[in-house]
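Note: the block below is my_file13.cif and it holds mmCIF, C-alpha atoms.
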```cif
data_protein
loop_
_atom_site.group_PDB
_atom_site.id
_atom_site.type_symbol
_atom_site.label_atom_id
_atom_site.label_comp_id
_atom_site.auth_asym_id
_atom_site.auth_seq_id
_atom_site.Cartn_x
_atom_site.Cartn_y
_atom_site.Cartn_z
ATOM 1 C CA MET A 1 130.983 63.958 71.858
ATOM 2 C CA THR A 2 130.310 67.548 70.859
ATOM 3 C CA THR A 3 129.892 68.552 67.266
ATOM 4 C CA GLN A 4 131.268 71.664 65.608
ATOM 5 C CA THR A 5 127.750 73.162 65.599
ATOM 6 C CA GLU A 6 127.372 72.638 69.356
ATOM 7 C CA THR A 7 130.774 74.241 69.923
ATOM 8 C CA ASP A 8 129.784 77.201 67.721
ATOM 9 C CA GLN A 9 126.512 77.598 69.598
ATOM 10 C CA ALA A 10 128.251 77.482 72.977
ATOM 11 C CA ALA A 11 130.669 80.145 71.719
ATOM 12 C CA LEU A 12 127.679 82.213 70.636
ATOM 13 C CA ILE A 13 126.225 82.007 74.149
ATOM 14 C CA ALA A 14 129.624 82.994 75.574
ATOM 15 C CA ARG A 15 129.574 86.095 73.357
ATOM 16 C CA ILE A 16 126.051 86.899 74.554
ATOM 17 C CA ALA A 17 127.303 86.587 78.133
ATOM 18 C CA GLN A 18 129.782 89.342 77.214
ATOM 19 C CA GLN A 19 126.775 91.464 76.099
ATOM 20 C CA ASP A 20 127.489 91.064 72.383
ATOM 21 C CA GLU A 21 124.241 92.153 70.711
ATOM 22 C CA SER A 22 125.238 90.733 67.335
ATOM 23 C CA ALA A 23 125.577 87.297 68.945
ATOM 24 C CA LEU A 24 122.055 87.571 70.354
ATOM 25 C CA SER A 25 120.809 88.625 66.929
ATOM 26 C CA GLU A 26 122.543 85.636 65.352
ATOM 27 C CA LEU A 27 121.008 83.284 67.927
ATOM 28 C CA TYR A 28 117.592 84.801 67.221
ATOM 29 C CA ASP A 29 118.088 84.325 63.484
ATOM 30 C CA ARG A 30 118.917 80.659 64.081
ATOM 31 C CA TYR A 31 116.130 79.807 66.521
ATOM 32 C CA GLY A 32 113.499 82.558 66.472
ATOM 33 C CA LYS A 33 111.224 80.965 63.867
ATOM 34 C CA ILE A 34 111.244 77.463 65.308
ATOM 35 C CA LEU A 35 110.715 78.788 68.845
ATOM 36 C CA TYR A 36 107.821 80.900 67.568
ATOM 37 C CA ALA A 37 106.264 77.871 65.835
ATOM 38 C CA VAL A 38 106.430 75.816 69.023
ATOM 39 C CA ALA A 39 105.092 78.698 71.138
ATOM 40 C CA PHE A 40 102.221 79.258 68.721
ATOM 41 C CA LYS A 41 101.382 75.546 68.747
ATOM 42 C CA MET A 42 101.303 75.576 72.561
ATOM 43 C CA LEU A 43 99.545 78.912 73.115
ATOM 44 C CA GLY A 44 97.403 79.346 70.027
ATOM 45 C CA THR A 45 97.742 83.125 69.683
ATOM 46 C CA VAL A 46 100.202 85.210 67.708
ATOM 47 C CA GLU A 47 100.563 87.770 70.502
ATOM 48 C CA GLU A 48 101.347 85.267 73.236
ATOM 49 C CA ALA A 49 103.701 83.296 70.996
ATOM 50 C CA GLU A 50 105.648 86.434 70.044
ATOM 51 C CA GLU A 51 105.746 87.632 73.644
ATOM 52 C CA THR A 52 106.967 84.248 74.866
ATOM 53 C CA VAL A 53 109.769 84.091 72.290
ATOM 54 C CA LEU A 54 110.856 87.614 73.220
ATOM 55 C CA ASP A 55 110.783 86.611 76.896
ATOM 56 C CA VAL A 56 113.074 83.668 76.118
ATOM 57 C CA PHE A 57 115.617 85.838 74.316
ATOM 58 C CA HIS A 58 115.427 88.454 77.055
ATOM 59 C CA GLN A 59 116.162 85.707 79.580
ATOM 60 C CA VAL A 60 119.051 84.449 77.430
ATOM 61 C CA TRP A 61 120.494 87.973 77.387
ATOM 62 C CA ARG A 62 120.237 88.231 81.179
ATOM 63 C CA THR A 63 121.431 84.725 82.077
ATOM 64 C CA ALA A 64 123.820 83.650 79.304
ATOM 65 C CA GLN A 65 126.747 83.626 81.741
ATOM 66 C CA ARG A 66 125.049 80.774 83.641
ATOM 67 C CA TYR A 67 124.693 78.543 80.587
ATOM 68 C CA ASP A 68 126.554 75.260 81.057
ATOM 69 C CA ALA A 69 127.261 73.366 77.824
ATOM 70 C CA THR A 70 127.891 70.171 79.811
ATOM 71 C CA LYS A 71 124.281 70.125 81.049
ATOM 72 C CA ALA A 72 122.369 70.865 77.842
ATOM 73 C CA ARG A 73 122.816 71.825 74.229
ATOM 74 C CA VAL A 74 121.877 75.385 73.330
ATOM 75 C CA ASP A 75 118.731 74.353 71.468
ATOM 76 C CA THR A 76 117.615 72.189 74.393
ATOM 77 C CA TRP A 77 118.236 75.082 76.793
ATOM 78 C CA LEU A 78 116.182 77.447 74.609
ATOM 79 C CA PHE A 79 113.289 75.004 74.194
ATOM 80 C CA MET A 80 113.170 74.304 77.938
ATOM 81 C CA GLN A 81 112.946 78.035 78.640
ATOM 82 C CA LEU A 82 110.219 78.382 76.016
ATOM 83 C CA ARG A 83 108.283 75.442 77.415
ATOM 84 C CA SER A 84 108.471 76.818 80.948
ATOM 85 C CA ARG A 85 107.204 80.260 79.918
ATOM 86 C CA ALA A 86 104.430 78.846 77.740
ATOM 87 C CA ILE A 87 103.218 76.604 80.556
ATOM 88 C CA ASP A 88 103.222 79.609 82.915
ATOM 89 C CA LYS A 89 101.072 81.533 80.428
ATOM 90 C CA LEU A 90 98.670 78.612 80.083
ATOM 91 C CA ARG A 91 98.341 78.339 83.861
ATOM 92 C CA ILE A 92 97.643 82.055 84.152
ATOM 93 C CA ARG A 93 95.099 81.859 81.346
ATOM 94 C CA GLU A 94 93.376 78.945 83.076
ATOM 95 C CA ARG A 95 93.350 80.743 86.401
ATOM 96 C CA MET A 96 91.978 83.921 84.835
ATOM 97 C CA THR A 97 89.076 82.020 83.272
ATOM 98 C CA ARG A 98 88.418 80.117 86.494
ATOM 99 C CA THR A 99 88.683 83.007 88.936
ATOM 100 C CA PRO A 100 86.250 85.859 88.576
ATOM 101 C CA ILE A 101 87.812 89.274 89.000
ATOM 102 C CA VAL A 102 86.203 91.081 91.900
ATOM 103 C CA SER A 103 86.430 94.832 92.037
ATOM 104 C CA LEU A 104 86.434 96.967 95.159
ATOM 105 C CA ASP A 105 83.041 98.336 94.054
ATOM 106 C CA ALA A 106 81.579 94.820 93.952
ATOM 107 C CA VAL A 107 82.887 94.128 97.453
ATOM 108 C CA GLU A 108 81.351 97.383 98.659
ATOM 109 C CA GLN A 109 77.992 96.515 97.045
ATOM 110 C CA GLU A 110 78.047 93.073 98.643
ATOM 111 C CA ALA A 111 78.833 94.632 102.012
ATOM 112 C CA ARG A 112 75.939 97.069 101.576
ATOM 113 C CA SER A 113 73.517 94.282 100.712
ATOM 114 C CA LEU A 114 74.500 92.402 103.867
ATOM 115 C CA SER A 115 74.612 95.463 106.075
ATOM 116 C CA VAL A 116 71.506 96.717 107.832
ATOM 117 C CA ASP A 117 73.186 99.305 110.005
ATOM 118 C CA PRO A 118 73.708 102.643 108.197
ATOM 119 C CA SER A 119 76.617 103.477 110.514
ATOM 120 C CA GLU A 120 78.466 100.399 109.202
ATOM 121 C CA GLU A 121 78.002 101.673 105.653
ATOM 122 C CA ILE A 122 79.456 105.034 106.637
ATOM 123 C CA ILE A 123 82.449 103.391 108.312
ATOM 124 C CA PHE A 124 83.038 101.134 105.288
ATOM 125 C CA SER A 125 82.770 104.074 102.903
ATOM 126 C CA GLU A 126 85.218 106.118 104.999
ATOM 127 C CA ARG A 127 87.690 103.230 105.100
ATOM 128 C CA ARG A 128 87.399 102.740 101.350
ATOM 129 C CA THR A 129 88.066 106.424 100.738
ATOM 130 C CA LEU A 130 90.972 106.323 103.182
ATOM 131 C CA ILE A 131 92.531 103.303 101.442
ATOM 132 C CA GLN A 132 92.046 104.793 97.966
ATOM 133 C CA THR A 133 93.647 108.050 99.110
ATOM 134 C CA ALA A 134 96.554 106.158 100.669
ATOM 135 C CA ILE A 135 97.113 104.057 97.540
ATOM 136 C CA ARG A 136 97.249 107.202 95.381
ATOM 137 C CA GLU A 137 100.151 108.380 97.565
ATOM 138 C CA LEU A 138 102.284 105.397 96.514
ATOM 139 C CA PRO A 139 104.607 105.397 93.497
ATOM 140 C CA PRO A 140 102.876 104.026 90.352
ATOM 141 C CA GLU A 141 104.955 100.829 90.242
ATOM 142 C CA GLN A 142 103.922 99.983 93.823
ATOM 143 C CA GLN A 143 100.290 100.868 93.098
ATOM 144 C CA GLN A 144 100.334 98.484 90.128
ATOM 145 C CA VAL A 145 101.672 95.433 91.982
ATOM 146 C CA LEU A 146 99.452 95.992 95.030
ATOM 147 C CA GLU A 147 96.407 96.293 92.756
ATOM 148 C CA LEU A 148 97.287 93.044 90.973
ATOM 149 C CA ALA A 149 98.155 91.167 94.172
ATOM 150 C CA TYR A 150 95.376 92.290 96.492
ATOM 151 C CA PHE A 151 92.505 93.425 94.284
ATOM 152 C CA GLN A 152 92.974 91.050 91.332
ATOM 153 C CA GLY A 153 94.225 88.110 93.410
ATOM 154 C CA TRP A 154 97.334 87.376 91.329
ATOM 155 C CA SER A 155 100.298 85.538 92.830
ATOM 156 C CA HIS A 156 103.741 87.143 92.828
ATOM 157 C CA THR A 157 104.823 84.744 90.082
ATOM 158 C CA GLU A 158 101.823 85.629 87.929
ATOM 159 C CA ILE A 159 102.528 89.337 88.324
ATOM 160 C CA SER A 160 106.156 88.761 87.372
ATOM 161 C CA THR A 161 105.231 86.687 84.340
ATOM 162 C CA GLN A 162 102.570 89.062 83.065
ATOM 163 C CA THR A 163 104.523 92.283 83.607
ATOM 164 C CA GLY A 164 107.976 90.963 82.706
ATOM 165 C CA ILE A 165 109.333 92.351 85.973
ATOM 166 C CA PRO A 166 111.675 90.016 87.911
ATOM 167 C CA LEU A 167 110.033 88.148 90.802
ATOM 168 C CA GLY A 168 112.405 89.673 93.370
ATOM 169 C CA THR A 169 111.470 93.164 92.196
ATOM 170 C CA ILE A 170 107.755 92.318 92.492
ATOM 171 C CA LYS A 171 108.239 91.113 96.082
ATOM 172 C CA THR A 172 110.270 94.206 96.955
ATOM 173 C CA ARG A 173 107.668 96.558 95.459
ATOM 174 C CA ILE A 174 104.862 94.835 97.354
ATOM 175 C CA ARG A 175 106.794 94.943 100.624
ATOM 176 C CA LEU A 176 107.749 98.604 100.171
ATOM 177 C CA GLY A 177 104.227 99.466 99.035
ATOM 178 C CA LEU A 178 102.642 97.835 102.086
ATOM 179 C CA THR A 179 105.112 99.546 104.401
ATOM 180 C CA LYS A 180 104.391 102.943 102.837
ATOM 181 C CA LEU A 181 100.669 102.208 102.819
ATOM 182 C CA ARG A 182 100.716 101.525 106.567
ATOM 183 C CA GLY A 183 102.522 104.812 107.162
ATOM 184 C CA VAL A 184 100.175 106.789 104.928
ATOM 185 C CA LEU A 185 97.095 105.204 106.516
ATOM 186 C CA ALA A 186 98.409 105.966 110.002
ATOM 187 C CA SER A 187 99.001 109.621 109.127
ATOM 188 C CA LEU A 188 95.594 109.902 107.412
ATOM 189 C CA ARG A 189 93.847 108.442 110.469
ATOM 190 C CA GLU A 190 95.579 110.966 112.704
ATOM 191 C CA SER A 191 94.485 113.931 110.599
#
```

Please re-express this file's structure in structure tokens.
Amino acid sequence: MTTQTETDQAALIARIAQQDESALSELYDRYGKILYAVAFKMLGTVEEAEETVLDVFHQVWRTAQRYDATKARVDTWLFMQLRSRAIDKLRIRERMTRTPIVSLDAVEQEARSLSVDPSEEIIFSERRTLIQTAIRELPPEQQQVLELAYFQGWSHTEISTQTGIPLGTIKTRIRLGLTKLRGVLASLRES
């Protein structure tokens, strides 16, 4: 049995699905504070709590047309989205504290310490310069995701979560970036 409040909330989501900004504002006024309190309790920082709540409302704006009142009440739907995003942030935080960030310079230094042949150092240095030159030829958005994926070791999901860019867009940018990088490297080798 649905109550009048549940019906009103479902109607509010329907208005958001029609891109009604005032409906989103009304939903935020109803749930923003409680969502923030839960996010803060889970994450422990003001910045992450605020960012997570904004992510939830951004997701609501983008996916309101898929909301199904028969599957969950509006508040349940919002809290599940919040919980999912907060857990993602906690996993990323844990991974970042567990996994040391290795820079290209550190890799080069390690290679130098292991290398006894000066010609190997020259080849490595030339390759590094070639790769850096090729990466600078890419559009900034492709540079960013390739840096995070290959030099920082982030997963596609982590990149999406941290940048707020949809996962499909991240995958596309990486694929396009690698394709362009191969082409640029091939042309640089030829010259």

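Taken over the shown file, the PyMOL selection byres ((chain A and resi 52) around 9) identifies Leu35, Tyr36, Ala39, Glu47, Glu48, Ala49, Glu50, Glu51, Val53, Leu54, Asp55, Val56, Phe57, Leu82, Arg85, Ala86 and Lys89 of chain A.
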
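Note that CA of Thr169 in chain A and CA of Gln142 in chain A are 10.3 Å apart.
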
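Residues in contact with Gln162 in chain A at 9 Å, where only C-alpha atoms are counted and same-chain residues fewer than 3 positions away are skipped, are listed as Lys89, Ile92, Thr157, Glu158, Ile159 and Ile165 of chain A.
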
Could you check which residues have any atom within 12 Å of (94.3, 77.1, 73.1), counting all atoms listed in the file with coordinates taken straight from the file, and then list them as a PDB file with C-alpha atoms, keeping the file's coordinate frame?
```pdb
ATOM      1  CA  ALA A  39     105.092  78.698  71.138  1.00  0.00           C
ATOM      2  CA  PHE A  40     102.221  79.258  68.721  1.00  0.00           C
ATOM      3  CA  LYS A  41     101.382  75.546  68.747  1.00  0.00           C
ATOM      4  CA  MET A  42     101.303  75.576  72.561  1.00  0.00           C
ATOM      5  CA  LEU A  43      99.545  78.912  73.115  1.00  0.00           C
ATOM      6  CA  GLY A  44      97.403  79.346  70.027  1.00  0.00           C
ATOM      7  CA  THR A  45      97.742  83.125  69.683  1.00  0.00           C
ATOM      8  CA  VAL A  46     100.202  85.210  67.708  1.00  0.00           C
ATOM      9  CA  GLU A  48     101.347  85.267  73.236  1.00  0.00           C
ATOM     10  CA  ALA A  49     103.701  83.296  70.996  1.00  0.00           C
ATOM     11  CA  ALA A  86     104.430  78.846  77.740  1.00  0.00           C
ATOM     12  CA  ILE A  87     103.218  76.604  80.556  1.00  0.00           C
ATOM     13  CA  LYS A  89     101.072  81.533  80.428  1.00  0.00           C
ATOM     14  CA  LEU A  90      98.670  78.612  80.083  1.00  0.00           C
ATOM     15  CA  ARG A  91      98.341  78.339  83.861  1.00  0.00           C
ATOM     16  CA  ARG A  93      95.099  81.859  81.346  1.00  0.00           C
ATOM     17  CA  GLU A  94      93.376  78.945  83.076  1.00  0.00           C
TER      18      GLU A  94
END
```

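Here CA of Gln65 in chain A and CA of Met80 in chain A stand 16.9 Å from one another.
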
* Asked: Can you find the residues with an atom no farther than 10 Å from (125.1, 80.6, 74.6), counting only C-alpha atoms, and report them as an NGL selection string?
  -> :A and (6-17 or 23-24 or 27 or 60-61 or 63-69 or 73-75 or 77-78)

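Taking CA of Thr70 in chain A and CA of Arg83 in chain A as the two end points, the separation is 20.4 Å.
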
* To do: I need the residue set behind the PyMOL selection byres ((chain A and resi 171-182) around 7) for this file; please write it as a PyMOL selection string.
  => chain A and resi 134-135+138+142+145-146+156+167-170+183-186

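Nearest to Arg62 in chain A of all the residues A:Gln18, A:Ser187, A:Glu126, A:Gly153 is A:Gln18, counting all atoms listed in the file.
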